[in-house]
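Participant: Handing over target-v5.cif, mmCIF, C-alpha atoms.
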```cif
data_data
#
loop_
_atom_site.label_atom_id
_atom_site.label_comp_id
_atom_site.auth_asym_id
_atom_site.auth_seq_id
_atom_site.Cartn_x
_atom_site.Cartn_y
_atom_site.Cartn_z
CA MET A 54 10.63 -13.49 -43.12
CA THR A 55 10.54 -11.72 -46.47
CA VAL A 56 7.37 -9.67 -45.83
CA SER A 57 7.82 -5.91 -45.57
CA VAL A 58 5.67 -3.39 -43.75
CA SER A 59 5.11 -0.08 -45.56
CA VAL A 60 6.31 3.24 -44.17
CA LEU A 61 2.68 4.17 -43.48
CA GLY A 62 2.26 1.00 -41.44
CA ALA A 63 5.39 1.65 -39.36
CA LEU A 64 4.31 5.24 -38.67
CA ALA A 65 0.80 4.06 -37.81
CA ALA A 66 2.29 1.59 -35.32
CA LEU A 67 4.20 4.38 -33.57
CA VAL A 68 1.29 6.85 -33.60
CA VAL A 69 -1.23 4.31 -32.25
CA ALA A 70 1.21 3.27 -29.52
CA ILE A 71 1.82 6.91 -28.49
CA VAL A 72 -1.90 7.78 -28.46
CA LEU A 73 -2.79 4.73 -26.38
CA ILE A 74 0.00 5.41 -23.87
CA LEU A 75 -1.21 9.01 -23.60
CA LYS A 76 -4.68 7.58 -22.88
CA LYS A 77 -3.12 5.74 -19.90
CA VAL A 78 -3.22 2.32 -21.57
CA PRO A 79 -0.35 0.21 -20.10
CA PRO A 80 2.71 0.76 -22.36
CA ALA A 81 3.08 -2.96 -23.11
CA TYR A 82 -0.50 -3.17 -24.40
CA GLY A 83 -0.18 0.15 -26.21
CA MET A 84 2.86 -1.04 -28.14
CA MET A 85 1.35 -4.46 -28.86
CA ILE A 86 -1.83 -2.89 -30.24
CA GLY A 87 0.23 -0.35 -32.18
CA ALA A 88 2.32 -3.17 -33.68
CA LEU A 89 -0.79 -5.11 -34.70
CA VAL A 90 -2.49 -2.08 -36.27
CA GLY A 91 0.73 -1.03 -37.99
CA GLY A 92 1.28 -4.45 -39.53
CA LEU A 93 -2.25 -4.59 -40.93
CA ILE A 94 -2.17 -1.02 -42.25
CA GLY A 95 1.27 -1.73 -43.67
CA GLY A 96 -0.09 -4.37 -46.01
CA VAL A 97 0.83 -7.51 -44.05
CA SER A 98 -1.63 -10.29 -43.33
CA MET A 99 -2.83 -10.99 -39.80
CA VAL A 100 -0.80 -14.23 -39.59
CA ASP A 101 2.40 -12.59 -40.81
CA THR A 102 1.87 -9.57 -38.56
CA ILE A 103 1.60 -11.82 -35.49
CA THR A 104 4.73 -13.71 -36.62
CA LEU A 105 6.68 -10.45 -36.91
CA MET A 106 5.49 -9.40 -33.47
CA MET A 107 6.46 -12.77 -31.95
CA ASP A 108 9.89 -12.70 -33.56
CA GLY A 109 10.49 -9.21 -32.21
CA ALA A 110 9.43 -10.24 -28.71
CA LYS A 111 11.74 -13.28 -28.81
CA GLY A 112 14.69 -10.98 -29.38
CA MET A 113 14.00 -9.28 -26.04
CA ILE A 114 14.04 -12.45 -23.90
CA PRO A 115 17.80 -12.39 -23.02
CA ALA A 116 17.48 -8.78 -21.83
CA VAL A 117 14.30 -9.63 -19.90
CA LEU A 118 16.05 -12.44 -18.00
CA ARG A 119 18.96 -10.18 -17.06
CA ILE A 120 16.60 -7.38 -16.03
CA LEU A 121 14.68 -9.74 -13.74
CA ALA A 122 17.99 -10.85 -12.21
CA ALA A 123 18.89 -7.18 -11.61
CA GLY A 124 15.84 -6.94 -9.35
CA MET A 125 17.80 -8.52 -6.49
CA LEU A 126 20.41 -5.74 -6.55
CA ALA A 127 17.79 -2.99 -6.93
CA GLY A 128 15.67 -4.43 -4.13
CA VAL A 129 18.60 -4.60 -1.70
CA LEU A 130 19.72 -1.04 -2.51
CA ILE A 131 16.27 0.51 -2.15
CA GLU A 132 14.61 -1.46 0.66
CA SER A 133 17.64 -1.77 2.96
CA GLY A 134 18.12 2.00 3.03
CA ALA A 135 21.46 1.66 1.20
CA ALA A 136 20.41 4.00 -1.60
CA LYS A 137 19.26 6.66 0.85
CA LYS A 138 22.50 6.34 2.85
CA ILE A 139 24.62 6.79 -0.27
CA ALA A 140 22.61 9.88 -1.26
CA GLU A 141 22.70 11.43 2.22
CA THR A 142 26.45 10.90 2.57
CA LEU A 143 27.23 12.49 -0.78
CA VAL A 144 25.03 15.52 -0.07
CA GLN A 145 26.50 15.97 3.42
CA LYS A 146 30.07 15.80 2.11
CA ALA A 147 29.38 18.42 -0.57
CA GLY A 148 27.63 20.80 1.84
CA GLU A 149 24.66 23.12 1.35
CA THR A 150 26.72 25.80 -0.40
CA ARG A 151 27.05 23.39 -3.33
CA ALA A 152 23.62 21.86 -2.80
CA LEU A 153 22.52 21.70 -6.44
CA LEU A 154 25.76 20.03 -7.52
CA ALA A 155 25.49 17.63 -4.59
CA LEU A 156 21.92 16.65 -5.55
CA ALA A 157 22.98 16.04 -9.16
CA LEU A 158 25.95 13.92 -8.08
CA ALA A 159 23.93 11.96 -5.53
CA THR A 160 21.26 11.07 -8.11
CA MET A 161 23.93 10.25 -10.67
CA VAL A 162 25.72 7.85 -8.32
CA LEU A 163 22.49 6.13 -7.26
CA THR A 164 21.48 5.60 -10.88
CA ALA A 165 25.00 4.53 -11.88
CA VAL A 166 25.08 1.78 -9.24
CA GLY A 167 21.81 0.22 -10.38
CA VAL A 168 18.84 2.18 -9.03
CA PHE A 169 16.13 3.09 -11.57
CA VAL A 170 16.43 6.74 -12.56
CA ASP A 171 12.90 7.61 -11.38
CA VAL A 172 13.44 5.71 -8.11
CA ALA A 173 16.76 7.51 -7.65
CA VAL A 174 14.99 10.88 -7.99
CA ILE A 175 12.27 9.79 -5.56
CA THR A 176 14.95 8.60 -3.09
CA VAL A 177 16.91 11.86 -3.19
CA ALA A 178 13.79 14.07 -3.27
CA PRO A 179 13.17 14.24 0.54
CA ILE A 180 16.78 15.36 1.03
CA ALA A 181 16.41 17.86 -1.81
CA LEU A 182 13.20 19.32 -0.36
CA ALA A 183 14.77 19.79 3.07
CA ILE A 184 17.82 21.54 1.61
CA ALA A 185 15.70 23.66 -0.75
CA GLN A 186 13.50 24.85 2.11
CA ARG A 187 16.52 25.91 4.20
CA ALA A 188 18.51 27.43 1.30
CA ASN A 189 15.48 28.98 -0.49
CA LEU A 190 16.02 26.99 -3.70
CA SER A 191 13.23 26.59 -6.24
CA LYS A 192 11.55 23.29 -7.05
CA LEU A 193 12.56 23.71 -10.69
CA ALA A 194 16.23 23.97 -9.68
CA ILE A 195 16.32 20.92 -7.41
CA LEU A 196 14.29 18.77 -9.79
CA ILE A 197 16.43 19.50 -12.87
CA ALA A 198 19.52 18.86 -10.73
CA MET A 199 18.19 15.41 -9.81
CA ILE A 200 16.87 14.58 -13.29
CA GLY A 201 20.10 15.70 -14.99
CA GLY A 202 22.14 13.67 -12.53
CA GLY A 203 19.87 10.69 -13.10
CA LYS A 204 20.25 10.93 -16.88
CA ALA A 205 24.03 11.13 -16.54
CA GLY A 206 24.13 8.12 -14.24
CA ASN A 207 21.72 6.17 -16.41
CA ILE A 208 24.13 5.92 -19.35
CA MET A 209 26.85 4.37 -17.20
CA SER A 210 24.71 2.02 -15.12
CA PRO A 211 23.74 -1.67 -15.07
CA ASN A 212 20.11 -0.59 -15.47
CA PRO A 213 17.62 -2.19 -17.91
CA ASN A 214 18.39 0.31 -20.69
CA ALA A 215 22.10 -0.56 -20.64
CA ILE A 216 21.31 -4.28 -20.43
CA ALA A 217 19.05 -4.00 -23.49
CA ALA A 218 21.77 -2.25 -25.50
CA SER A 219 24.58 -4.59 -24.42
CA ASP A 220 22.45 -7.61 -25.35
CA ALA A 221 21.50 -6.17 -28.73
CA PHE A 222 25.10 -5.40 -29.68
CA HIS A 223 26.70 -8.39 -27.90
CA ILE A 224 29.13 -6.24 -25.95
CA PRO A 225 30.16 -6.47 -22.26
CA LEU A 226 27.82 -4.52 -20.00
CA THR A 227 30.79 -2.86 -18.26
CA SER A 228 32.17 -1.66 -21.62
CA LEU A 229 28.87 0.11 -22.37
CA MET A 230 28.83 1.54 -18.84
CA ALA A 231 32.36 2.89 -19.30
CA ALA A 232 31.38 4.42 -22.64
CA GLY A 233 28.96 6.67 -20.79
CA ILE A 234 31.49 8.18 -18.38
CA ILE A 235 32.79 11.06 -20.54
CA PRO A 236 29.31 12.15 -21.74
CA ALA A 237 28.08 11.91 -18.13
CA VAL A 238 30.75 14.37 -16.93
CA PHE A 239 29.61 16.95 -19.47
CA GLY A 240 25.97 16.17 -18.62
CA ILE A 241 26.58 16.96 -14.95
CA ILE A 242 28.30 20.25 -15.82
CA VAL A 243 25.41 21.36 -18.04
CA THR A 244 22.88 20.21 -15.42
CA TYR A 245 24.56 22.32 -12.74
CA PHE A 246 24.56 25.49 -14.84
CA ILE A 247 20.91 24.99 -15.82
CA ALA A 248 19.94 24.37 -12.18
CA LYS A 249 21.73 27.57 -11.11
CA ARG A 250 19.81 29.55 -13.76
CA LEU A 251 16.50 28.16 -12.48
CA ASN A 252 17.36 28.80 -8.85
CA ASN A 253 15.05 31.80 -8.48
CA LYS A 254 12.34 30.72 -10.91
CA GLY A 255 9.13 28.87 -10.12
CA SER A 256 7.60 27.81 -6.83
CA LYS A 257 9.49 27.38 -3.57
CA VAL A 258 9.35 24.54 -1.05
CA GLU A 259 7.00 25.01 1.89
CA ALA A 260 7.92 23.84 5.39
CA SER A 261 4.94 21.44 5.36
CA GLU A 262 6.45 19.58 2.40
CA VAL A 263 9.60 18.62 4.28
CA THR A 264 9.67 15.25 6.02
CA ASN A 265 12.26 14.21 8.59
CA ASN A 266 12.80 10.87 10.29
CA PRO A 267 15.88 11.13 12.55
CA ASN A 268 15.26 7.69 14.10
CA GLU A 269 15.52 5.84 10.79
CA GLN A 270 18.21 3.14 10.95
CA LEU A 271 20.46 3.22 7.89
CA PRO A 272 23.51 1.06 7.14
CA SER A 273 27.05 2.44 7.02
CA PHE A 274 28.23 3.99 3.76
CA PHE A 275 30.73 1.18 3.14
CA THR A 276 28.22 -1.64 3.55
CA ALA A 277 25.63 0.34 1.56
CA PHE A 278 28.04 0.71 -1.36
CA LEU A 279 29.32 -2.86 -1.20
CA ALA A 280 26.44 -4.42 -3.19
CA PRO A 281 26.95 -2.42 -6.42
CA LEU A 282 30.72 -2.55 -5.96
CA VAL A 283 30.74 -6.36 -5.91
CA ALA A 284 28.41 -6.51 -8.94
CA ILE A 285 30.57 -4.12 -10.96
CA ILE A 286 33.79 -5.97 -10.03
CA LEU A 287 32.28 -9.28 -11.17
CA LEU A 288 31.09 -7.73 -14.44
CA SER A 289 34.52 -6.14 -14.97
CA LEU A 290 36.27 -9.51 -14.97
CA ARG A 291 35.19 -10.05 -18.59
CA PRO A 292 37.01 -7.11 -20.19
CA ILE A 293 39.87 -7.18 -17.65
CA ALA A 294 40.67 -10.88 -17.27
CA GLY A 295 38.55 -12.61 -19.88
CA ILE A 296 36.43 -14.27 -17.19
CA VAL A 297 32.81 -14.09 -18.29
CA ILE A 298 30.33 -13.64 -15.45
CA ASP A 299 26.95 -12.81 -16.92
CA PRO A 300 24.82 -10.03 -15.40
CA VAL A 301 22.22 -12.70 -14.59
CA ILE A 302 24.77 -13.95 -12.00
CA ALA A 303 26.78 -10.84 -11.12
CA LEU A 304 23.87 -8.52 -10.25
CA PRO A 305 22.07 -10.88 -7.81
CA VAL A 306 25.39 -11.91 -6.21
CA GLY A 307 26.17 -8.24 -5.58
CA GLY A 308 22.79 -7.81 -3.92
CA ILE A 309 23.25 -10.91 -1.74
CA VAL A 310 26.74 -9.86 -0.59
CA GLY A 311 25.43 -6.39 0.21
CA ALA A 312 22.54 -7.77 2.26
CA ILE A 313 24.94 -9.97 4.25
CA ALA A 314 27.35 -7.07 4.86
CA MET A 315 24.50 -4.85 6.11
CA GLY A 316 23.25 -7.59 8.44
CA ARG A 317 19.98 -7.84 6.53
CA PHE A 318 20.31 -11.38 5.15
CA LYS A 319 17.10 -12.49 6.86
CA LYS A 320 15.24 -9.84 4.86
CA LEU A 321 16.79 -10.91 1.56
CA ASN A 322 13.56 -12.51 0.37
CA GLU A 323 11.64 -9.30 1.10
CA PHE A 324 14.23 -7.34 -0.85
CA ALA A 325 13.98 -9.82 -3.74
CA VAL A 326 10.18 -9.59 -3.83
CA PHE A 327 10.35 -5.78 -3.88
CA GLY A 328 13.04 -5.73 -6.56
CA LEU A 329 11.21 -8.25 -8.72
CA GLY A 330 8.08 -6.12 -8.48
CA LYS A 331 10.04 -3.12 -9.74
CA MET A 332 11.55 -5.10 -12.62
CA THR A 333 8.41 -6.99 -13.66
CA GLY A 334 6.81 -3.90 -15.16
CA VAL A 335 9.94 -3.15 -17.16
CA ALA A 336 10.25 -6.77 -18.32
CA VAL A 337 6.63 -6.86 -19.49
CA MET A 338 7.05 -3.49 -21.20
CA LEU A 339 10.12 -4.81 -23.03
CA ILE A 340 8.13 -7.73 -24.42
CA GLY A 341 5.58 -5.24 -25.75
CA THR A 342 8.49 -3.16 -27.03
CA GLY A 343 9.74 -6.24 -28.88
CA THR A 344 6.47 -6.62 -30.76
CA LEU A 345 6.68 -3.00 -31.92
CA ALA A 346 10.36 -3.45 -32.85
CA GLY A 347 9.44 -6.52 -34.89
CA ILE A 348 7.11 -4.44 -37.07
CA ILE A 349 9.44 -1.45 -37.46
CA ALA A 350 12.51 -3.63 -38.12
CA ASN A 351 10.69 -5.26 -41.03
CA SER A 352 9.37 -2.00 -42.44
CA GLN A 353 10.63 0.46 -45.03
CA LEU A 354 10.85 3.22 -42.40
CA LYS A 355 14.48 2.40 -41.72
CA ASP A 356 15.35 2.84 -45.40
CA VAL A 357 13.51 6.16 -45.56
CA ILE A 358 15.45 7.52 -42.56
CA ILE A 359 18.76 6.34 -44.02
CA ASP A 360 17.90 7.85 -47.41
CA GLY A 361 17.00 11.09 -45.68
CA LEU A 362 20.36 11.19 -43.89
CA THR A 363 22.17 10.44 -47.15
CA ALA A 364 20.30 13.17 -49.05
CA SER A 365 21.03 15.70 -46.31
CA GLY A 366 24.75 14.99 -46.54
CA LEU A 367 24.97 14.22 -42.82
CA PRO A 368 27.33 11.44 -41.66
CA ALA A 369 25.84 7.94 -41.51
CA TYR A 370 26.79 7.45 -37.85
CA LEU A 371 24.19 10.05 -36.85
CA LEU A 372 21.59 7.35 -37.45
CA ALA A 373 22.52 5.92 -34.03
CA PRO A 374 21.73 8.90 -31.75
CA ILE A 375 18.84 10.06 -33.95
CA SER A 376 17.16 6.64 -33.85
CA GLY A 377 17.62 6.48 -30.08
CA ALA A 378 16.05 9.93 -29.67
CA LEU A 379 13.12 9.18 -31.99
CA MET A 380 12.32 5.87 -30.31
CA SER A 381 12.56 7.42 -26.83
CA LEU A 382 10.14 10.11 -28.03
CA ALA A 383 7.73 7.44 -29.23
CA THR A 384 7.90 5.34 -26.06
CA ALA A 385 8.74 8.02 -23.43
CA SER A 386 11.19 5.53 -21.96
CA THR A 387 14.97 5.22 -22.03
CA THR A 388 14.73 1.44 -21.81
CA ALA A 389 12.09 0.99 -24.51
CA GLY A 390 13.71 3.62 -26.73
CA THR A 391 17.11 1.96 -26.43
CA ALA A 392 15.66 -1.50 -27.02
CA VAL A 393 13.65 -0.55 -30.13
CA ALA A 394 16.42 1.55 -31.69
CA SER A 395 19.06 -1.14 -31.00
CA SER A 396 16.87 -3.90 -32.41
CA VAL A 397 15.73 -1.96 -35.48
CA PHE A 398 18.73 0.16 -36.43
CA GLY A 399 21.65 -1.60 -34.73
CA SER A 400 22.71 -3.87 -37.58
CA THR A 401 22.30 -1.06 -40.11
CA VAL A 402 24.47 1.33 -38.06
CA MET A 403 27.22 -1.29 -37.78
CA GLY A 404 26.84 -2.06 -41.48
CA LEU A 405 27.69 1.60 -42.15
CA GLY A 406 31.08 1.11 -40.51
CA VAL A 407 30.38 2.01 -36.87
CA ALA A 408 31.84 -0.32 -34.21
CA SER A 409 29.35 -2.18 -32.02
CA LEU A 410 30.41 -0.35 -28.84
CA GLY A 411 30.11 3.04 -30.52
CA ALA A 412 26.73 2.18 -32.01
CA GLY A 413 25.43 0.99 -28.65
CA ALA A 414 26.79 4.02 -26.79
CA MET A 415 25.32 6.53 -29.25
CA ILE A 416 21.89 4.87 -29.35
CA HIS A 417 21.92 4.61 -25.55
CA SER A 418 22.77 8.28 -25.04
CA GLY A 419 20.36 9.31 -27.79
CA ALA A 420 17.55 7.60 -25.90
CA THR A 421 17.98 10.10 -23.03
CA VAL A 422 17.10 13.09 -25.21
CA LEU A 423 13.31 12.73 -25.21
CA ASP A 424 12.56 10.00 -22.66
CA HIS A 425 10.86 12.46 -20.29
CA MET A 426 7.76 13.20 -22.38
CA PRO A 427 4.38 13.47 -20.59
CA HIS A 428 3.05 10.15 -21.94
CA GLY A 429 5.66 8.28 -19.87
CA SER A 430 5.73 7.45 -16.14
CA PHE A 431 9.06 9.24 -15.56
CA PHE A 432 7.49 12.65 -16.17
CA HIS A 433 4.79 12.11 -13.55
CA ALA A 434 6.89 10.23 -10.97
CA THR A 435 9.59 12.91 -10.87
CA GLY A 436 7.10 15.78 -10.72
CA GLY A 437 5.25 14.08 -7.90
CA SER A 438 8.46 13.53 -5.92
CA VAL A 439 8.68 17.29 -5.20
CA ASN A 440 4.91 17.99 -5.25
CA MET A 441 5.17 19.98 -8.48
CA GLN A 442 2.07 21.04 -10.40
CA MET A 443 1.63 19.80 -13.98
CA LYS A 444 1.94 23.28 -15.53
CA GLU A 445 5.27 23.88 -13.82
CA ARG A 446 6.52 20.36 -14.58
CA LEU A 447 5.92 20.96 -18.30
CA LYS A 448 8.26 23.98 -18.19
CA LEU A 449 11.15 21.68 -17.32
CA ILE A 450 10.96 19.63 -20.56
CA PRO A 451 13.24 21.92 -22.66
CA TYR A 452 15.91 21.83 -19.94
CA GLU A 453 15.72 18.05 -19.61
CA THR A 454 16.06 17.82 -23.39
CA ALA A 455 19.15 20.06 -23.23
CA VAL A 456 20.81 17.67 -20.77
CA GLY A 457 19.93 14.66 -22.92
CA LEU A 458 21.23 16.45 -26.02
CA THR A 459 24.50 17.12 -24.23
CA LEU A 460 24.91 13.43 -23.45
CA ALA A 461 24.07 12.46 -27.04
CA ILE A 462 26.30 15.11 -28.65
CA VAL A 463 29.35 14.26 -26.53
CA SER A 464 28.83 10.53 -27.09
CA THR A 465 28.54 11.16 -30.84
CA LEU A 466 31.73 13.23 -30.81
CA VAL A 467 33.59 10.47 -28.99
CA PHE A 468 32.24 7.45 -30.86
CA GLY A 469 31.14 8.99 -34.13
CA VAL A 470 33.10 12.06 -35.23
CA PHE A 471 36.48 11.14 -33.73
CA GLN A 472 36.25 7.47 -34.68
CA TRP A 473 35.12 8.37 -38.20
CA PHE A 474 38.29 10.36 -38.84
CA LEU A 475 40.70 7.86 -37.22
#
```
Mind converting the file's structure to structure tokens?

Facilitator:
Amino acid sequence: MTVSVSVLGALAALVVAIVLILKKVPPAYGMMIGALVGGLIGGVSMVDTITLMMDGAKGMIPAVLRILAAGMLAGVLIESGAAKKIAETLVQKAGETRALLALALATMVLTAVGVFVDVAVITVAPIALAIAQRANLSKLAILIAMIGGGKAGNIMSPNPNAIAASDAFHIPLTSLMAAGIIPAVFGIIVTYFIAKRLNNKGSKVEASEVTNNPNEQLPSFFTAFLAPLVAIILLSLRPIAGIVIDPVIALPVGGIVGAIAMGRFKKLNEFAVFGLGKMTGVAVMLIGTGTLAGIIANSQLKDVIIDGLTASGLPAYLLAPISGALMSLATASTTAGTAVASSVFGSTVMGLGVASLGAGAMIHSGATVLDHMPHGSFFHATGGSVNMQMKERLKLIPYETAVGLTLAIVSTLVFGVFQWFL
């Protein structure tokens, strides 16, 4: 289409979406309404506005299909107890003397193998509370350890955010996952030092908040880890051997193999139903995200941001992490932020001379900078996992932002600064 939405219209779309999400309107509806209002305010007719929204939503369908397929793997990991076994083993091996590092690593690994970042935090939280109560650690310290670990794992995972970026840039999912490894290492280091600084600040864990179920039957570590291992091996065949196995096949196959190895094949349908339920909300949100992306992509906002970067003298590749951060701020979601930024700014970033993998990696890491804002579910789910009051949970935002900034800065150094001078 040749119609163009004004800058005012694009900003109105974002503001309306944010306000509605803050008012507890479902994010998909909030972004759809914001897109509609933005198109009309931006000088586009009702018919053309709807067409732009539809076109934007269509662009999300490949990612939606792969995300729904990922539900099988997520369901097996969470419902079989595999995720909890992986977390418990990692924490036990590290020991209580390095408890904060162990919590960060456990959450990172869970997220990296395909568990949603908020679910990973919720899974590790009971272990964290028990350790914190024995070792006299603060809630702020254990929660930032888990959140930082989750953010680090999220940029090297087969989670919906990575799927959205790999689809938008037409790059192998495993390549994007590998691109997050170096930033994740630095993210974990920064997370650990922040957690240590917060160790004696804020509220402590009461004995009544600790739950223990010694009779719970969990699988062995090997069988628990087999599901994500199989999925990652299948996905790796594309860059290694040129054999293309799409995530829509590899992720469910990994889940099925894992269920068989754990002796839970009869419960596979239950796992699938649970996993699909977890992914359905994300898939629906992405469709709403697509409508918003359709308006912004056809607006003059992109040109204004580029002109602003040019006038400031900053390198053009900074558009990638900045767009990821801005869109994650607007949507309070890594997945939605990555999807919108990739759809709207992806082609422009590559047109400025940035390789597709670098553009995807920088947008992806940029989307972790402000994805924890209070108008998103992540903020509330993670605070609730350790029974933290709202006032105290708000104090953690600057530290979460610092971890996200670390991921984005290191990714930009690797794929922006260094590549720019090569």

Participant: Tell me which of A:Val335, A:Leu458, A:Ala373, A:Leu89 sits closest to Gly201 of chain A, counting only C-alpha atoms.

Facilitator: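 Answer, going by the shortest atom-to-atom distance: A:Leu458.
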
Participant: Using all atoms listed in the file, which of the listed residues (A:Pro225, A:Ser273, A:Val456, A:Met338) sits closest to Arg291 of chain A?

Facilitator: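 Distance minimum relative to Arg291 of chain A lands on A:Pro225.
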
Participant: Find the spatial neighbours of Tyr370 of chain A, counting all atoms listed in the file, within a cut-off of 10 Å - ignore same-chain residues fewer than 6 positions away - and output them as number ranges by chain.

Facilitator: A: 362, 401-403, 405-408, 411-412, 415, 465, 468-470, 472-473

Participant: Residue by residue, what does the PyMOL selection byres ((chain A and resi 413) around 10) grab here? Present the result as a ChimeraX atom specification.

Facilitator: /A:215,217-224,229,232,373-374,377,391,394-395,399,402-403,407-412,414-419,468

Participant: For the structure shown, which residues end up in the PyMOL selection byres ((chain A and resi 447) around 12)? Put them as a list in words, please?

Facilitator: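 Written out, the selection comes to Leu193, Ile197, Gly255, His425, Met426, Pro427, His428, Phe432, His433, Thr435, Gly436, Met441, Gln442, Met443, Lys444, Glu445, Arg446, Lys448, Leu449, Ile450, Pro451, Tyr452, Glu453 and Thr454 of chain A.
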
Participant: Would you translate the PyMOL selection byres ((chain A and resi 167) around 10) into the concrete set of residues it matches in this file, as a PyMOL selection string?

Facilitator: chain A and resi 123-124+126-128+130-131+136+162-166+168-170+173+206-207+209-213+280-281+284-285+304

Participant: Just want the 9 Å neighbourhood of Ala81 of chain A, counted on only C-alpha atoms, with same-chain residues fewer than 3 positions away dropped. Output as a PyMOL selection string.

Facilitator: chain A and resi 74+78+84-86+334+337-342

Participant: Next, the residues of the selection above should be written as a CSV table (one decimal), in the frame of the given file with C-alpha atoms.

Facilitator:
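Resulting contents of result.csv:
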```csv
chain,number,residue,atom,x,y,z
A,74,ILE,CA,0.0,5.4,-23.9
A,78,VAL,CA,-3.2,2.3,-21.6
A,84,MET,CA,2.9,-1.0,-28.1
A,85,MET,CA,1.4,-4.5,-28.9
A,86,ILE,CA,-1.8,-2.9,-30.2
A,334,GLY,CA,6.8,-3.9,-15.2
A,337,VAL,CA,6.6,-6.9,-19.5
A,338,MET,CA,7.0,-3.5,-21.2
A,339,LEU,CA,10.1,-4.8,-23.0
A,340,ILE,CA,8.1,-7.7,-24.4
A,341,GLY,CA,5.6,-5.2,-25.8
A,342,THR,CA,8.5,-3.2,-27.0
```

Participant: Which residue gives the smallest distance to Ala312 of chain A among A:Ile234, A:Ala70, A:Leu279, A:Leu182, with only C-alpha atoms counted?

Facilitator: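 Comparing A:Ile234, A:Ala70, A:Leu279, A:Leu182 against Ala312 of chain A, the winner is A:Leu279.
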
Participant: If I take atom CA of Leu93 of chain A and atom CA of Ala385 of chain A, how far is one from the other in Å, to one decimal?

Facilitator: 24.2 Å

Participant: Please indicate the distance in Å from atom CA of Ser228 of chain A to atom CA of Leu288 of chain A, rounded to one decimal place.

Facilitator: 9.5 Å

Participant: With all atoms of segment 369-379 of chain A from the file as input, state the centre and edge lengths in Å to one decimal of the axis-aligned box that has 4 Å extra on each side, as JSON.

Facilitator:
```
{"center_x": 20.0, "center_y": 8.0, "center_z": -35.6, "size_x": 21.7, "size_y": 12.1, "size_z": 19.8}
```

Participant: Go through segment 382-408 of chain A and flag each residue having an atom no more than 12 Å from segment 96-115 of chain A; for those, report the closest pair of atoms plus their distance in Å to one decimal, using all atoms listed in the file, ordered by chain and rising number, as CSV.

Facilitator:
```
residue,atom,partner,partner_atom,distance
A:Thr388,CA,A:Met113,CA,11.5
A:Ala389,CA,A:Met113,CA,10.6
A:Thr391,CA,A:Met113,CA,11.7
A:Ala392,CA,A:Met113,CA,8.0
A:Val393,CA,A:Gly109,CA,9.5
A:Ser395,CA,A:Met113,CA,10.8
A:Ser396,CA,A:Gly112,CA,8.0
A:Val397,CA,A:Gly109,CA,9.5
```

Participant: Rounded to one decimal place, report the atom CA of Leu154 of chain A-atom CA of Val439 of chain A distance in Å.

Facilitator: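 So the answer is 17.5 Å.
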
Participant: When distances are computed from all atoms listed in the file, which of A:Ser256, A:Asn214, A:Ser400, A:Thr264 shows the smallest separation from Ala350 of chain A?

Facilitator: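 Closest to Ala350 of chain A of all the choices is A:Ser400.
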
Participant: Rank A:Phe275, A:Phe431, A:Phe318, A:Tyr245 by their smallest atom-to-atom distance to Lys138 of chain A, using only C-alpha atoms, and report the top residue only.

Facilitator: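 That would be A:Phe275, the residue with the smallest distance to Lys138 of chain A.
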
Participant: Which is closest to Val172 of chain A among A:Ile359, A:Gly87, A:Val463, A:Lys331, if we use all atoms listed in the file?

Facilitator: A:Lys331

Participant: Name all residues at most 9 Å from segment 174-180 of chain A (count all atoms listed in the file; drop same-chain ones fewer than 6 positions away) and give them as a list in words.

Facilitator: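 Near segment 174-180 of chain A, the qualifying residues are Ile131, Ala136, Lys137, Ala140, Glu141, Val144, Leu156, Ala159, Thr160, Leu163, Thr164, Ile195, Leu196, Met199, Ile200, Gly202, Gly203, Glu262, Val263, Thr264, Asn265, Ala434, Thr435, Gly437, Ser438 and Val439 of chain A.
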
Participant: Once you have the residues from the selection above, write them out as a short mmCIF file (atom, residue, chain, number, x, y, z; two decimals), in the coordinates of the input, restricted to C-alpha atoms.

Facilitator:
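Below you can see result.cif, which holds the result:
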```cif
data_model
loop_
_atom_site.label_atom_id
_atom_site.label_comp_id
_atom_site.auth_asym_id
_atom_site.auth_seq_id
_atom_site.Cartn_x
_atom_site.Cartn_y
_atom_site.Cartn_z
CA ILE A 131 16.27 0.51 -2.15
CA ALA A 136 20.41 4.00 -1.60
CA LYS A 137 19.26 6.66 0.85
CA ALA A 140 22.61 9.88 -1.26
CA GLU A 141 22.70 11.43 2.22
CA VAL A 144 25.03 15.52 -0.07
CA LEU A 156 21.92 16.65 -5.55
CA ALA A 159 23.93 11.96 -5.53
CA THR A 160 21.26 11.07 -8.11
CA LEU A 163 22.49 6.13 -7.26
CA THR A 164 21.48 5.60 -10.88
CA ILE A 195 16.32 20.92 -7.41
CA LEU A 196 14.29 18.77 -9.79
CA MET A 199 18.19 15.41 -9.81
CA ILE A 200 16.87 14.58 -13.29
CA GLY A 202 22.14 13.67 -12.53
CA GLY A 203 19.87 10.69 -13.10
CA GLU A 262 6.45 19.58 2.40
CA VAL A 263 9.60 18.62 4.28
CA THR A 264 9.67 15.25 6.02
CA ASN A 265 12.26 14.21 8.59
CA ALA A 434 6.89 10.23 -10.97
CA THR A 435 9.59 12.91 -10.87
CA GLY A 437 5.25 14.08 -7.90
CA SER A 438 8.46 13.53 -5.92
CA VAL A 439 8.68 17.29 -5.20
#
```
